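Novice: What follows is a structure written as C-alpha cells; I'll ask about it next.
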Amino acid sequence: MTKDEMIGWFKSAPMGSRHERMLWAARKIARLTGATEGGSYQMLLIALIGAERRLYPEEFNDCA
C-alpha cells in the first residue's frame with residue numbers, strides 16, 4: 001500500500017479527533033494488508049508527517 005493510499009484512508013475516516021481517525025485508518029490498512037494495527041499506525045504516522053512537510057516546508061526550517 002502506498003503512502004498516498006494510506007493518507008486517503010485517513011482522509012476518509014469518520015470525523016473525530018486526529019488520533020481516532022488514525023486508529024480507524026490503521027485498522028482498515030491492517031485488514032487490507034495483513035499487517036498488525038500497530039505497524040499500520042506507525043506507517044500511517046510516518047506518511048502523514050511526510051505529507052505535512054511537503055505541504056508546509058517553511059514551518060520545518062528551524063527544526064534542526
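Every chain in the C-alpha cells has a letter given in the order shown (A, B, ...), and although residue numbers restart at 1 in each chain, ligands are simply numbered from 1 in the order shown.
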Tell me which protein, DNA and RNA residues are within 6 Å of Ala26 in chain A, counting only C-alpha atoms, leaving out same-chain ones fewer than 6 positions away, and put them as a PDB file with all heavy atoms, in the first residue's frame.
Specialist:
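Result file follows (part.pdb):
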```
ATOM      1  N   GLU A  37      -2.059  -3.837  13.539  1.00  0.00           N
ATOM      2  CA  GLU A  37      -2.597  -2.482  13.688  1.00  0.00           C
ATOM      3  C   GLU A  37      -1.508  -1.509  14.140  1.00  0.00           C
ATOM      4  O   GLU A  37      -1.460  -0.372  13.690  1.00  0.00           O
ATOM      5  CB  GLU A  37      -3.768  -2.468  14.666  1.00  0.00           C
ATOM      6  CG  GLU A  37      -5.024  -3.053  14.080  1.00  0.00           C
ATOM      7  CD  GLU A  37      -6.220  -2.952  15.010  1.00  0.00           C
ATOM      8  OE1 GLU A  37      -6.223  -2.086  15.905  1.00  0.00           O
ATOM      9  OE2 GLU A  37      -7.153  -3.744  14.834  1.00  0.00           O
ATOM     10  N   SER A  40       0.669  -0.717  11.181  1.00  0.00           N
ATOM     11  CA  SER A  40      -0.074   0.140  10.263  1.00  0.00           C
ATOM     12  C   SER A  40      -0.153   1.563  10.797  1.00  0.00           C
ATOM     13  O   SER A  40      -0.035   2.532  10.042  1.00  0.00           O
ATOM     14  CB  SER A  40      -1.490  -0.403  10.052  1.00  0.00           C
ATOM     15  OG  SER A  40      -1.448  -1.669   9.471  1.00  0.00           O
ATOM     16  N   TYR A  41      -0.336   1.692  12.107  1.00  0.00           N
ATOM     17  CA  TYR A  41      -0.403   3.016  12.729  1.00  0.00           C
ATOM     18  C   TYR A  41       0.926   3.747  12.528  1.00  0.00           C
ATOM     19  O   TYR A  41       0.949   4.923  12.184  1.00  0.00           O
ATOM     20  CB  TYR A  41      -0.722   2.871  14.212  1.00  0.00           C
ATOM     21  CG  TYR A  41      -0.982   4.179  14.930  1.00  0.00           C
ATOM     22  CD1 TYR A  41      -2.271   4.681  15.024  1.00  0.00           C
ATOM     23  CD2 TYR A  41       0.055   4.904  15.496  1.00  0.00           C
ATOM     24  CE1 TYR A  41      -2.517   5.884  15.678  1.00  0.00           C
ATOM     25  CE2 TYR A  41      -0.178   6.103  16.138  1.00  0.00           C
ATOM     26  CZ  TYR A  41      -1.473   6.580  16.238  1.00  0.00           C
ATOM     27  OH  TYR A  41      -1.708   7.785  16.870  1.00  0.00           O
TER      28      TYR A  41
END
```
Novice: As a ChimeraX atom specification, please: every residue in chain A that a backbone DSSP assignment puts in alpha helix (DSSP H).
Specialist: /A:3-12,18-33,37-55
Novice: Work out how far apart CA of Ile29 in chain A and CA of Trp9 in chain A are and give it in Å to one decimal.
Specialist: 7.8 Å
Novice: Report, in Å to a single decimal, how far apart CA of Asp4 in chain A and CA of Ala51 in chain A are.
Specialist: 8.8 Å
Novice: Give me, as a list in words, all polymer residues having an atom no more than 12 Å from Met43 in chain A, counting only C-alpha atoms and skipping those fewer than 3 positions away in the same chain.
Specialist: Met1, Thr2, Lys3, Asp4, Glu5, Met6, Ile7, Phe10, Met22, Leu23, Ala25, Ala26, Arg27, Ile29, Ala30, Thr33, Ala35, Thr36, Glu37, Gly38, Gly39, Ser40, Ile46, Ala47, Leu48, Ile49 and Gly50 of chain A
Novice: How about saving the chosen residues, N, CA, C and O atoms kept, as a compact mmCIF listing (two decimals), in the first residue's frame?
Specialist:
```txt
# COMPACT_ATOMS: atom_id res chain seq x y z
N MET A 1 0.86 -1.17 0.00
CA MET A 1 0.00 0.00 0.00
C MET A 1 0.90 1.24 0.00
O MET A 1 1.85 1.32 0.77
N THR A 2 0.57 2.19 -0.87
CA THR A 2 1.39 3.39 -0.97
C THR A 2 1.04 4.39 0.14
O THR A 2 -0.03 4.29 0.77
N LYS A 3 1.93 5.34 0.34
CA LYS A 3 1.68 6.38 1.34
C LYS A 3 0.44 7.20 0.97
O LYS A 3 -0.34 7.57 1.84
N ASP A 4 0.26 7.45 -0.32
CA ASP A 4 -0.91 8.21 -0.76
C ASP A 4 -2.21 7.46 -0.47
O ASP A 4 -3.21 8.07 -0.09
N GLU A 5 -2.19 6.15 -0.62
CA GLU A 5 -3.38 5.35 -0.29
C GLU A 5 -3.67 5.40 1.20
O GLU A 5 -4.83 5.50 1.62
N MET A 6 -2.61 5.33 2.02
CA MET A 6 -2.80 5.40 3.47
C MET A 6 -3.37 6.75 3.87
O MET A 6 -4.29 6.83 4.70
N ILE A 7 -2.86 7.81 3.27
CA ILE A 7 -3.38 9.15 3.56
C ILE A 7 -4.84 9.27 3.11
O ILE A 7 -5.65 9.88 3.78
N PHE A 10 -6.95 7.80 5.75
CA PHE A 10 -7.04 8.74 6.87
C PHE A 10 -8.06 9.83 6.57
O PHE A 10 -8.90 10.17 7.41
N MET A 22 -6.79 8.29 12.99
CA MET A 22 -5.62 7.47 12.71
C MET A 22 -5.86 6.01 13.12
O MET A 22 -5.47 5.09 12.39
N LEU A 23 -6.50 5.80 14.25
CA LEU A 23 -6.81 4.43 14.68
C LEU A 23 -7.75 3.75 13.69
O LEU A 23 -7.56 2.58 13.34
N ALA A 25 -8.17 4.45 10.48
CA ALA A 25 -7.45 4.18 9.24
C ALA A 25 -6.45 3.04 9.42
O ALA A 25 -6.31 2.19 8.53
N ALA A 26 -5.78 2.99 10.55
CA ALA A 26 -4.81 1.92 10.81
C ALA A 26 -5.49 0.56 10.83
O ALA A 26 -4.95 -0.43 10.32
N ARG A 27 -6.69 0.50 11.40
CA ARG A 27 -7.43 -0.77 11.41
C ARG A 27 -7.78 -1.20 9.99
O ARG A 27 -7.65 -2.38 9.64
N ILE A 29 -6.24 -0.32 7.18
CA ILE A 29 -4.99 -0.67 6.49
C ILE A 29 -4.53 -2.05 6.92
O ILE A 29 -4.11 -2.87 6.11
N ALA A 30 -4.61 -2.33 8.22
CA ALA A 30 -4.19 -3.63 8.74
C ALA A 30 -5.04 -4.76 8.15
O ALA A 30 -4.51 -5.80 7.77
N THR A 33 -3.97 -5.19 4.39
CA THR A 33 -2.60 -5.62 4.10
C THR A 33 -2.17 -6.84 4.89
O THR A 33 -1.17 -7.47 4.54
N ALA A 35 -1.05 -6.59 7.88
CA ALA A 35 -0.08 -6.10 8.87
C ALA A 35 -0.78 -5.97 10.23
O ALA A 35 -2.00 -6.06 10.32
N THR A 36 0.01 -5.74 11.26
CA THR A 36 -0.59 -5.50 12.58
C THR A 36 -1.13 -4.08 12.63
O THR A 36 -0.70 -3.21 11.86
N GLU A 37 -2.06 -3.84 13.54
CA GLU A 37 -2.60 -2.48 13.69
C GLU A 37 -1.51 -1.51 14.14
O GLU A 37 -1.46 -0.37 13.69
N GLY A 38 -0.63 -1.96 15.02
CA GLY A 38 0.46 -1.10 15.50
C GLY A 38 1.41 -0.73 14.36
O GLY A 38 1.82 0.41 14.23
N GLY A 39 1.75 -1.71 13.55
CA GLY A 39 2.62 -1.44 12.40
C GLY A 39 1.95 -0.52 11.39
O GLY A 39 2.60 0.38 10.84
N SER A 40 0.67 -0.72 11.18
CA SER A 40 -0.07 0.14 10.26
C SER A 40 -0.15 1.56 10.80
O SER A 40 -0.03 2.53 10.04
N ILE A 46 4.11 8.01 9.83
CA ILE A 46 5.24 8.44 9.01
C ILE A 46 4.75 9.07 7.71
O ILE A 46 5.27 10.11 7.27
N ALA A 47 3.73 8.48 7.10
CA ALA A 47 3.18 9.03 5.85
C ALA A 47 2.57 10.41 6.09
O ALA A 47 2.77 11.33 5.27
N LEU A 48 1.86 10.58 7.19
CA LEU A 48 1.24 11.88 7.48
C LEU A 48 2.28 12.95 7.79
O LEU A 48 2.14 14.09 7.36
N ILE A 49 3.32 12.59 8.51
CA ILE A 49 4.39 13.55 8.81
C ILE A 49 5.06 13.98 7.51
O ILE A 49 5.31 15.17 7.29
N GLY A 50 5.33 13.04 6.63
CA GLY A 50 5.93 13.37 5.35
C GLY A 50 5.04 14.26 4.52
O GLY A 50 5.51 15.21 3.87
```
Novice: Quick one: pull the distance between CA of Gly8 in chain A and CA of Leu44 in chain A, Å, one decimal.
Specialist: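 Computing the Euclidean distance for CA of Gly8 in chain A and CA of Leu44 in chain A yields 10.3 Å.
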